[in-house]
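Shown below: final_7.txt, with compact mmCIF, C-alpha atoms.
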```
# COMPACT_ATOMS: atom_id res chain seq x y z
CA MET A 15 104.76 69.39 -68.08
CA ASN A 16 101.95 71.69 -69.27
CA ARG A 17 103.32 71.53 -72.81
CA ALA A 18 103.26 67.72 -72.66
CA LEU A 19 99.66 67.74 -71.46
CA SER A 20 98.69 70.18 -74.20
CA TRP A 21 100.35 67.96 -76.82
CA ARG A 22 98.42 64.94 -75.53
CA ALA A 23 95.13 66.84 -75.61
CA ALA A 24 95.81 68.03 -79.17
CA ALA A 25 96.79 64.54 -80.29
CA ARG A 26 93.61 63.16 -78.75
CA ARG A 27 91.45 65.69 -80.59
CA ASN A 28 93.24 65.12 -83.88
CA ALA A 29 93.00 61.34 -83.62
CA ALA A 30 89.28 61.54 -82.92
CA ARG A 31 88.64 64.02 -85.75
CA GLY A 32 90.55 61.90 -88.23
CA LEU A 33 88.11 59.03 -87.79
CA GLN A 34 85.03 60.98 -88.81
CA THR A 35 83.60 60.64 -92.32
CA PRO A 36 82.14 63.63 -94.24
CA HIS A 37 78.57 62.27 -94.34
CA ALA A 38 78.46 60.98 -90.76
CA LEU A 39 76.40 63.79 -89.21
CA PRO A 40 73.65 63.78 -91.89
CA LEU A 41 73.54 60.00 -91.55
CA LEU A 42 73.19 60.30 -87.78
CA ALA A 43 70.33 62.76 -88.24
CA GLY A 44 68.63 60.28 -90.57
CA LEU A 45 69.13 57.43 -88.10
CA ALA A 46 67.50 59.54 -85.38
CA LEU A 47 64.24 59.46 -87.37
CA LEU A 48 64.10 55.65 -87.47
CA PRO A 49 63.09 55.16 -83.80
CA VAL A 50 60.30 57.71 -84.23
CA ILE A 51 58.92 55.82 -87.24
CA ALA A 52 59.32 52.49 -85.45
CA LEU A 53 57.56 53.82 -82.33
CA LEU A 54 54.57 55.00 -84.35
CA ALA A 55 54.42 51.62 -86.10
CA GLY A 56 54.73 49.72 -82.83
CA LEU A 57 52.00 51.75 -81.19
CA GLY A 58 49.62 51.60 -84.14
CA ILE A 59 49.93 48.09 -85.59
CA GLY A 60 48.16 45.19 -83.95
CA ALA A 61 44.81 43.51 -83.34
CA VAL A 62 43.39 46.96 -82.53
CA PRO A 63 44.74 49.25 -85.29
CA ILE A 64 45.49 52.84 -84.32
CA ALA A 65 46.37 55.38 -87.01
CA PRO A 66 49.41 57.63 -86.45
CA ARG A 67 47.23 60.74 -86.07
CA GLN A 68 45.15 58.87 -83.49
CA VAL A 69 48.31 57.89 -81.62
CA VAL A 70 49.32 61.56 -81.49
CA ALA A 71 45.81 62.61 -80.44
CA ILE A 72 45.70 60.04 -77.62
CA ALA A 73 49.14 61.09 -76.41
CA ALA A 74 48.11 64.76 -76.46
CA ALA A 75 44.90 63.96 -74.57
CA GLN A 76 46.87 62.14 -71.88
CA LEU A 77 48.99 65.27 -71.46
CA GLY A 78 45.90 67.48 -71.24
CA TRP A 79 46.27 69.04 -74.69
CA GLY A 80 42.86 68.26 -76.12
CA SER A 81 40.62 65.20 -76.16
CA ALA A 82 40.44 61.88 -78.00
CA GLU A 83 36.84 61.62 -79.17
CA TRP A 84 35.90 59.27 -82.02
CA PRO A 85 34.20 55.87 -82.23
CA GLY A 86 36.35 53.32 -80.39
CA ALA A 87 38.66 55.94 -78.89
CA ALA A 88 38.27 54.62 -75.35
CA ARG A 89 39.27 51.10 -76.39
CA GLN A 90 42.23 52.34 -78.44
CA THR A 91 43.40 54.51 -75.54
CA ALA A 92 43.28 51.58 -73.12
CA VAL A 93 45.22 49.32 -75.50
CA LEU A 94 47.83 51.97 -76.27
CA ILE A 95 48.48 53.12 -72.69
CA ALA A 96 48.25 49.82 -70.84
CA ILE A 97 49.73 47.36 -73.35
CA ARG A 98 51.56 48.83 -76.31
CA LEU A 99 53.31 51.88 -74.86
CA PRO A 100 55.29 50.05 -72.12
CA ARG A 101 56.11 47.30 -74.63
CA VAL A 102 57.36 49.71 -77.28
CA LEU A 103 59.35 51.78 -74.80
CA LEU A 104 60.98 48.66 -73.37
CA GLY A 105 61.82 47.47 -76.88
CA ALA A 106 63.39 50.81 -77.81
CA LEU A 107 65.45 50.99 -74.61
CA THR A 108 66.54 47.36 -74.89
CA GLY A 109 67.48 47.60 -78.56
CA GLY A 110 69.46 50.78 -77.99
CA VAL A 111 71.29 49.34 -74.99
CA LEU A 112 72.18 46.05 -76.67
CA ALA A 113 73.53 47.85 -79.74
CA ALA A 114 75.53 50.38 -77.70
CA CYS A 115 76.98 47.61 -75.51
CA GLY A 116 77.90 45.65 -78.63
CA ALA A 117 79.76 48.64 -80.09
CA THR A 118 81.57 49.18 -76.78
CA VAL A 119 82.65 45.55 -76.42
CA GLN A 120 83.87 45.47 -80.03
CA ALA A 121 85.99 48.55 -79.32
CA LEU A 122 87.38 47.08 -76.10
CA PHE A 123 88.40 43.84 -77.79
CA ARG A 124 89.21 45.60 -81.07
CA ASN A 125 87.38 42.72 -82.69
CA PRO A 126 84.30 43.09 -84.93
CA LEU A 127 83.07 39.64 -83.86
CA ALA A 128 82.82 40.58 -80.18
CA ASP A 129 79.38 40.50 -78.56
CA PRO A 130 78.16 41.59 -75.10
CA ALA A 131 77.47 37.93 -74.29
CA LEU A 132 81.22 37.25 -74.41
CA ILE A 133 81.73 38.65 -70.92
CA GLY A 134 79.15 36.30 -69.39
CA THR A 135 76.14 38.59 -69.09
CA ALA A 136 73.65 36.50 -71.09
CA GLY A 137 74.93 33.11 -69.89
CA GLY A 138 74.69 34.02 -66.22
CA ALA A 139 71.28 35.58 -66.66
CA ALA A 140 70.01 32.48 -68.48
CA LEU A 141 71.31 30.16 -65.74
CA PHE A 142 69.71 32.09 -62.89
CA ALA A 143 66.47 32.56 -64.82
CA ALA A 144 66.31 28.83 -65.61
CA ALA A 145 66.93 28.02 -61.93
CA THR A 146 64.10 30.37 -60.95
CA ILE A 147 61.65 28.83 -63.44
CA VAL A 148 62.46 25.25 -62.48
CA LEU A 149 62.80 25.74 -58.72
CA SER A 150 60.07 28.32 -58.09
CA PRO A 151 57.41 25.63 -57.39
CA ALA A 152 59.46 24.80 -54.28
CA LEU A 153 58.71 28.23 -52.81
CA PRO A 154 56.32 28.17 -49.85
CA ALA A 155 52.67 28.57 -50.79
CA VAL A 156 52.46 31.66 -48.58
CA THR A 157 54.97 33.54 -50.76
CA PRO A 158 53.32 36.76 -52.02
CA GLU A 159 52.32 36.72 -55.70
CA SER A 160 54.17 39.99 -56.32
CA LEU A 161 57.40 38.38 -55.11
CA ARG A 162 56.87 35.38 -57.39
CA LEU A 163 56.31 37.64 -60.40
CA GLY A 164 59.35 39.80 -59.68
CA LEU A 165 61.68 36.93 -58.84
CA LEU A 166 62.55 35.99 -62.45
CA PRO A 167 63.87 39.39 -63.61
CA LEU A 168 65.69 39.92 -60.32
CA ALA A 169 67.33 36.51 -60.56
CA ALA A 170 68.33 37.09 -64.20
CA PHE A 171 69.90 40.44 -63.34
CA ALA A 172 71.72 38.94 -60.36
CA GLY A 173 73.06 36.13 -62.55
CA SER A 174 74.29 38.57 -65.16
CA ALA A 175 76.04 40.73 -62.56
CA ALA A 176 77.58 37.79 -60.71
CA THR A 177 78.95 36.14 -63.84
CA THR A 178 80.39 39.38 -65.19
CA TYR A 179 82.06 40.10 -61.85
CA ALA A 180 83.57 36.61 -61.75
CA VAL A 181 84.88 36.97 -65.31
CA TYR A 182 86.41 40.35 -64.47
CA ARG A 183 88.08 39.05 -61.31
CA VAL A 184 89.69 36.21 -63.25
CA ALA A 185 91.03 38.62 -65.88
CA ALA A 186 92.22 41.33 -63.47
CA ILE A 187 95.72 40.44 -62.29
CA ASP A 188 97.89 42.91 -60.33
CA GLY A 189 95.76 45.85 -61.40
CA TYR A 190 95.87 45.01 -65.12
CA THR A 191 92.94 43.56 -67.05
CA SER A 192 94.03 41.35 -69.93
CA MET A 193 91.37 41.48 -72.66
CA ALA A 194 92.52 38.11 -73.99
CA THR A 195 92.06 36.57 -70.53
CA LEU A 196 88.71 38.34 -70.20
CA LEU A 197 87.58 36.80 -73.47
CA LEU A 198 88.71 33.30 -72.51
CA ALA A 199 87.22 33.59 -69.02
CA GLY A 200 83.95 34.72 -70.54
CA ILE A 201 83.90 31.71 -72.84
CA ALA A 202 84.61 29.39 -69.90
CA PHE A 203 81.92 30.89 -67.68
CA ASN A 204 79.43 30.86 -70.54
CA ALA A 205 80.17 27.15 -71.00
CA LEU A 206 79.62 26.50 -67.28
CA ALA A 207 76.40 28.49 -67.34
CA GLY A 208 75.26 26.59 -70.42
CA ALA A 209 75.95 23.28 -68.71
CA GLY A 210 74.00 24.35 -65.64
CA THR A 211 71.11 25.57 -67.78
CA GLY A 212 71.14 22.24 -69.64
CA LEU A 213 70.84 20.32 -66.37
CA LEU A 214 67.91 22.48 -65.32
CA ILE A 215 66.22 21.94 -68.70
CA PHE A 216 66.70 18.20 -68.21
CA ALA A 217 64.94 18.42 -64.85
CA ALA A 218 62.10 20.68 -66.05
CA ASP A 219 58.55 19.56 -66.76
CA ASP A 220 56.62 20.38 -69.96
CA ALA A 221 55.22 23.71 -68.76
CA GLN A 222 58.62 24.83 -67.48
CA LEU A 223 60.27 23.76 -70.74
CA ARG A 224 57.91 26.01 -72.67
CA SER A 225 58.72 28.95 -70.40
CA LEU A 226 62.44 28.26 -70.67
CA THR A 227 62.33 28.03 -74.45
CA PHE A 228 60.32 31.20 -74.88
CA TRP A 229 62.43 33.14 -72.36
CA SER A 230 65.74 31.99 -73.86
CA LEU A 231 64.70 33.32 -77.30
CA GLY A 232 63.48 36.67 -76.01
CA SER A 233 60.12 38.41 -75.83
CA LEU A 234 58.66 41.81 -75.00
CA GLY A 235 55.30 40.25 -74.15
CA GLY A 236 55.81 40.64 -70.41
CA ALA A 237 56.40 44.40 -70.54
CA THR A 238 54.54 46.31 -67.82
CA TRP A 239 54.81 49.80 -66.40
CA GLN A 240 56.07 48.33 -63.11
CA GLY A 241 58.81 46.33 -64.78
CA LEU A 242 59.77 49.25 -66.99
CA ALA A 243 60.02 51.55 -63.97
CA VAL A 244 62.43 49.10 -62.31
CA ALA A 245 64.65 48.53 -65.37
CA ALA A 246 64.55 52.01 -66.94
CA PRO A 247 67.12 53.64 -64.59
CA ALA A 248 69.75 51.00 -65.41
CA LEU A 249 68.96 51.08 -69.14
CA LEU A 250 68.98 54.89 -69.29
CA LEU A 251 72.24 55.08 -67.32
CA ALA A 252 73.93 52.80 -69.85
CA LEU A 253 72.45 54.73 -72.79
CA LEU A 254 73.63 58.08 -71.43
CA ALA A 255 77.03 56.99 -70.14
CA LEU A 256 78.35 54.77 -72.95
CA PRO A 257 78.47 57.54 -75.63
CA ARG A 258 80.63 59.59 -73.25
CA LEU A 259 83.34 56.95 -73.66
CA ALA A 260 83.51 57.53 -77.42
CA PRO A 261 86.67 59.73 -77.58
CA SER A 262 88.58 57.29 -75.39
CA LEU A 263 87.37 54.31 -77.42
CA ASN A 264 88.53 56.09 -80.59
CA LEU A 265 92.04 56.30 -79.21
CA LEU A 266 91.89 52.73 -77.94
CA LEU A 267 91.60 51.63 -81.58
CA LEU A 268 95.27 52.63 -81.90
CA GLY A 269 96.22 50.07 -79.24
CA GLU A 270 96.44 50.20 -75.45
CA ARG A 271 100.04 51.45 -75.34
CA GLU A 272 99.42 54.23 -77.88
CA ALA A 273 96.21 55.29 -76.14
CA SER A 274 98.02 55.37 -72.80
CA HIS A 275 100.73 57.60 -74.29
CA LEU A 276 97.98 59.98 -75.44
CA GLY A 277 96.70 60.37 -71.88
CA ILE A 278 93.97 57.72 -71.67
CA GLU A 279 93.75 55.84 -68.36
CA ILE A 280 93.27 52.36 -69.77
CA GLU A 281 92.25 50.37 -66.69
CA PRO A 282 89.56 52.81 -65.48
CA LEU A 283 88.24 52.91 -69.04
CA LYS A 284 87.97 49.11 -69.14
CA ARG A 285 86.24 48.99 -65.77
CA ARG A 286 83.70 51.65 -66.72
CA ALA A 287 82.96 50.01 -70.06
CA ILE A 288 82.57 46.52 -68.55
CA LEU A 289 80.43 47.80 -65.67
CA LEU A 290 78.10 49.77 -67.95
CA THR A 291 77.84 46.86 -70.38
CA ALA A 292 76.97 44.43 -67.58
CA LEU A 293 74.45 46.88 -66.14
CA GLY A 294 72.71 47.54 -69.46
CA VAL A 295 72.69 43.98 -70.79
CA GLY A 296 71.74 42.55 -67.40
CA ALA A 297 68.72 44.85 -67.11
CA ALA A 298 67.69 44.13 -70.71
CA VAL A 299 68.00 40.35 -70.36
CA ALA A 300 66.20 40.41 -67.02
CA LEU A 301 63.01 41.77 -68.59
CA CYS A 302 63.19 40.56 -72.20
CA GLY A 303 65.16 37.34 -72.11
CA VAL A 304 68.14 36.59 -74.33
CA ILE A 305 67.93 38.51 -77.62
CA GLY A 306 70.78 37.82 -80.02
CA PHE A 307 72.02 39.49 -83.18
CA VAL A 308 71.33 43.13 -82.18
CA GLY A 309 74.52 43.74 -80.21
CA LEU A 310 76.67 41.98 -82.81
CA VAL A 311 75.38 43.34 -86.11
CA VAL A 312 73.90 46.81 -85.51
CA PRO A 313 77.31 48.42 -84.77
CA HIS A 314 78.61 46.85 -87.99
CA LEU A 315 75.87 48.46 -90.04
CA VAL A 316 76.52 51.90 -88.57
CA ARG A 317 80.29 51.49 -88.90
CA LEU A 318 79.91 50.47 -92.53
CA ALA A 319 77.90 53.60 -93.33
CA ALA A 320 79.60 56.16 -91.07
CA GLY A 321 83.13 54.91 -90.44
CA PRO A 322 84.80 53.90 -87.16
CA ASP A 323 84.31 57.15 -85.19
CA HIS A 324 82.60 56.07 -81.97
CA ARG A 325 81.12 59.54 -81.53
CA ILE A 326 78.93 58.52 -84.46
CA VAL A 327 78.90 54.73 -84.04
CA LEU A 328 77.55 54.75 -80.47
CA PRO A 329 74.59 57.14 -80.89
CA GLY A 330 73.92 55.71 -84.35
CA SER A 331 73.86 52.19 -82.92
CA ILE A 332 71.47 53.29 -80.18
CA ALA A 333 69.05 54.76 -82.74
CA LEU A 334 69.26 51.83 -85.16
CA GLY A 335 69.12 49.21 -82.40
CA ALA A 336 65.99 50.81 -80.92
CA ALA A 337 64.27 50.94 -84.31
CA LEU A 338 65.32 47.39 -85.20
CA LEU A 339 64.03 45.79 -82.01
CA VAL A 340 60.71 47.68 -82.05
CA GLY A 341 60.24 46.69 -85.69
CA ALA A 342 61.11 43.07 -84.92
CA ASP A 343 58.58 43.10 -82.09
CA VAL A 344 55.85 44.29 -84.48
CA LEU A 345 56.63 41.33 -86.74
CA SER A 346 56.80 38.88 -83.83
CA ARG A 347 53.26 39.71 -82.65
CA THR A 348 51.60 40.06 -86.05
CA LEU A 349 53.09 37.37 -88.33
CA VAL A 350 51.35 34.46 -86.59
CA ALA A 351 48.68 36.35 -84.62
CA PRO A 352 47.10 35.62 -82.22
CA ALA A 353 50.22 33.62 -81.31
CA GLU A 354 53.58 35.37 -80.87
CA LEU A 355 56.98 34.45 -82.28
CA PRO A 356 60.03 34.81 -80.01
CA ILE A 357 61.65 38.08 -80.93
CA GLY A 358 65.12 36.51 -81.07
CA VAL A 359 63.91 34.29 -83.90
CA VAL A 360 62.64 37.32 -85.82
CA THR A 361 65.86 39.33 -85.41
CA ALA A 362 67.93 36.39 -86.64
CA LEU A 363 65.65 35.49 -89.56
CA VAL A 364 65.40 39.07 -90.80
CA GLY A 365 68.85 40.33 -89.93
CA ALA A 366 71.21 37.48 -90.73
CA PRO A 367 70.43 37.27 -94.48
CA PHE A 368 70.68 41.05 -94.74
CA PHE A 369 74.01 40.97 -92.94
CA LEU A 370 75.33 38.26 -95.28
CA TRP A 371 74.24 40.38 -98.25
CA LEU A 372 76.21 43.31 -96.84
CA LEU A 373 79.27 41.12 -96.38
CA ARG A 374 79.11 40.14 -100.04
CA ARG A 375 78.64 43.74 -101.16
CA ALA A 376 81.46 45.23 -99.05
CA PRO A 377 83.77 42.47 -97.76
CA THR A 378 86.66 44.80 -96.99
CA ALA A 379 84.57 46.98 -94.68
CA TRP A 380 84.79 44.35 -91.94
CA SER A 381 88.52 43.87 -91.93
```
Represent the structure from my file as structure tokens, please.
Amino acid sequence: MNRALSWRAAARRNAARGLQTPHALPLLAGLALLPVIALLAGLGIGAVPIAPRQVVAIAAAQLGWGSAEWPGAARQTAVLIAIRLPRVLLGALTGGVLAACGATVQALFRNPLADPALIGTAGGAALFAAATIVLSPALPAVTPESLRLGLLPLAAFAGSAATTYAVYRVAAIDGYTSMATLLLAGIAFNALAGAGTGLLIFAADDAQLRSLTFWSLGSLGGATWQGLAVAAPALLLALLALPRLAPSLNLLLLGEREASHLGIEIEPLKRRAILLTALGVGAAVALCGVIGFVGLVVPHLVRLAAGPDHRIVLPGSIALGAALLVGADVLSRTLVAPAELPIGVVTALVGAPFFLWLLRRAPTAWS
């Protein structure tokens, strides 16, 4: 028995090692620098420009390591701490979570076209958020303002969780979760959620339509320290827990039966991956709206450069996703200033042509 367990452990290690490419670790180190650069750009670029050295000086002053004293320093400090820092941190967390969830879902389905939205997270969140926007005027006038402001993200998160749970219950039969059934159930529930959202859009007035349109395309404009404090635990849990699934996801690439023979408990792995994906995407959508493209394409880019080893793909996707979303947010609030483009539009406009160019350059990398 012990010899069999030792053989399985050795096979697991060898299978995981065989996926790694020679240049993966240097690439991962390079990707780790991208969020730092994006954070400095996100904190410094805007209507009130703040140079990188001033960003560092303000941060040090807030920690008690010196003082920020130059003309306009007080104004820059207020803008950075109250407006830009929560927005940039939310963008980095959201981008990292969406990319990591995308890589996880693609591994579960063993399909490069899989997206976190396939399991109903985004559709359910959109339906509940639309219901909140359209029906909130019916709330009693005595409802506290804080409850009104917090109702939209709470409703979106509840919708994401409820839809994902319903999809999972449909796919789980006699203790076994069929990924094909999960995919089809997700498509069906997304269609139902889309129909419900369409009915609510039909019933909405002009002001509500504007809110629905802007929310459905994503934005970091509503980032606050209070909202970040509520969502950060869920986002951080997903970011820390998903990379721990990497060795098991590597073996899952061989197929469920082969991975099971190598000692992987398939059903608990599926449940953990689905739960963490729903948690992360639900929290992200609740605060930022529906942001497409990141969860689908970022894992592809990392996989193209580093190979299929999820010990590299997952942390690499987190770093690249964080940098991409923060950079997209900088463009969304500066291209048409003082107005703001929906960030989902920016990610699609910038990323889709680049992705098509990559497909033409390396078509076999996606097969």
Do a neighbour search on Thr118 of chain A at 8 Å with all atoms listed in the file, toss out local chain neighbours closer than 5 positions, and write the hits as an MDAnalysis selection string. chainID A and resid 256 263 287 291 328
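One finds atom CA of Leu310 of chain A at 15.7 Å from atom CA of Ala342 of chain A.
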Atom CA of Ala128 of chain A to atom CA of Ala205 of chain A, distance in Å rounded to a single decimal: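 Distance between the two atoms: 16.5 Å.
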Atom pair atom CA of Ala74 of chain A / atom CA of Leu250 of chain A: separation (Å):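 So the answer is 24.2 Å.
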Fewer than 3 positions away in the same chain doesn't count, so skip those; otherwise give me all residues within 8 Å of segment 181-186 of chain A, counting all atoms listed in the file, as a ChimeraX atom specification. /A:133-134,177-178,189-193,195-196,199-200,203
What would the list of residues within 12 Å of (63.5, 37.9, -69.8) (file frame) look like as a PyMOL selection string, if all atoms listed in the file are what count? chain A and resi 104+108+136+139-144+146-147+163-171+174+225-237+241+245+295-305+356-358
Can you tell me, as a PDB file with C-alpha atoms, keeping the file's coordinate frame, what residues are no more than 9 Å from Val69 of chain A when counting all atoms listed in the file, ignoring any on the same chain fewer than 4 positions away?
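Output below, filename selection.pdb:
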```pdb
ATOM      1  CA  LEU A  54      54.570  55.000 -84.350  1.00  0.00           C
ATOM      2  CA  LEU A  57      52.000  51.750 -81.190  1.00  0.00           C
ATOM      3  CA  GLY A  58      49.620  51.600 -84.140  1.00  0.00           C
ATOM      4  CA  ILE A  64      45.490  52.840 -84.320  1.00  0.00           C
ATOM      5  CA  ALA A  65      46.370  55.380 -87.010  1.00  0.00           C
ATOM      6  CA  ALA A  73      49.140  61.090 -76.410  1.00  0.00           C
ATOM      7  CA  ALA A  74      48.110  64.760 -76.460  1.00  0.00           C
ATOM      8  CA  GLN A  90      42.230  52.340 -78.440  1.00  0.00           C
ATOM      9  CA  THR A  91      43.400  54.510 -75.540  1.00  0.00           C
ATOM     10  CA  LEU A  94      47.830  51.970 -76.270  1.00  0.00           C
TER      11      LEU A  94
END
```
What residues have an atom no more than 12 Å from (58.2, 59.4, -87.0) in the file's own frame, counting all atoms listed in the file, and can you write them as a PyMOL selection string? chain A and resi 44-58+66-67+69-70+337
Pick out the residues sitting within 12 Å of Ala351 of chain A, and hand them over as a PDB file with C-alpha atoms, in the coordinates of the input; count all atoms listed in the file, and ignore anything fewer than 6 positions along from it in its own chain.
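Final file, part-v7.pdb:
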```
ATOM      1  CA  ILE A  59      49.930  48.090 -85.590  1.00  0.00           C
ATOM      2  CA  GLY A  60      48.160  45.190 -83.950  1.00  0.00           C
ATOM      3  CA  ALA A  61      44.810  43.510 -83.340  1.00  0.00           C
ATOM      4  CA  VAL A 344      55.850  44.290 -84.480  1.00  0.00           C
ATOM      5  CA  LEU A 345      56.630  41.330 -86.740  1.00  0.00           C
TER       6      LEU A 345
END
```
Could you pull the residues within 10 Å of Leu266 of chain A, counting only C-alpha atoms, minus those fewer than 6 positions along the same chain, as number ranges by chain? A: 121-124, 260, 272-274, 276, 278, 280, 283
Using only C-alpha atoms, please write the residues we just selected to a file, as a PDB file, in the frame of the given file.
```
ATOM      1  CA  ALA A 121      85.990  48.550 -79.320  1.00  0.00           C
ATOM      2  CA  LEU A 122      87.380  47.080 -76.100  1.00  0.00           C
ATOM      3  CA  PHE A 123      88.400  43.840 -77.790  1.00  0.00           C
ATOM      4  CA  ARG A 124      89.210  45.600 -81.070  1.00  0.00           C
ATOM      5  CA  ALA A 260      83.510  57.530 -77.420  1.00  0.00           C
ATOM      6  CA  GLU A 272      99.420  54.230 -77.880  1.00  0.00           C
ATOM      7  CA  ALA A 273      96.210  55.290 -76.140  1.00  0.00           C
ATOM      8  CA  SER A 274      98.020  55.370 -72.800  1.00  0.00           C
ATOM      9  CA  LEU A 276      97.980  59.980 -75.440  1.00  0.00           C
ATOM     10  CA  ILE A 278      93.970  57.720 -71.670  1.00  0.00           C
ATOM     11  CA  ILE A 280      93.270  52.360 -69.770  1.00  0.00           C
ATOM     12  CA  LEU A 283      88.240  52.910 -69.040  1.00  0.00           C
TER      13      LEU A 283
END
```
Taking only C-alpha atoms into account, name the residue in A:Leu249, A:Leu339, A:Ile97, A:Val62 that is nearest to Val308 of chain A.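 Ranked by minimum distance to Val308 of chain A, first place goes to A:Leu339.
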Could you tell me which of A:Arg325, A:His314, A:Arg347, A:Arg285 comes closest to Leu265 of chain A if we count all atoms listed in the file?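 When distances to Leu265 of chain A are compared using all atoms listed in the file, the smallest one comes from A:Arg325.
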Given the choices A:Ile332, A:Ala353, A:Ala92, A:Val360, which gets closest to Ala114 of chain A if the distance is worked out from all atoms listed in the file?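 Of the candidates, the smallest distance to Ala114 of chain A is held by A:Ile332.
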Go through A:Val148, A:Ala96, A:Leu107, A:Ile201 and flag the residue nearest Gln240 of chain A, using all atoms listed in the file for the distances. A:Ala96
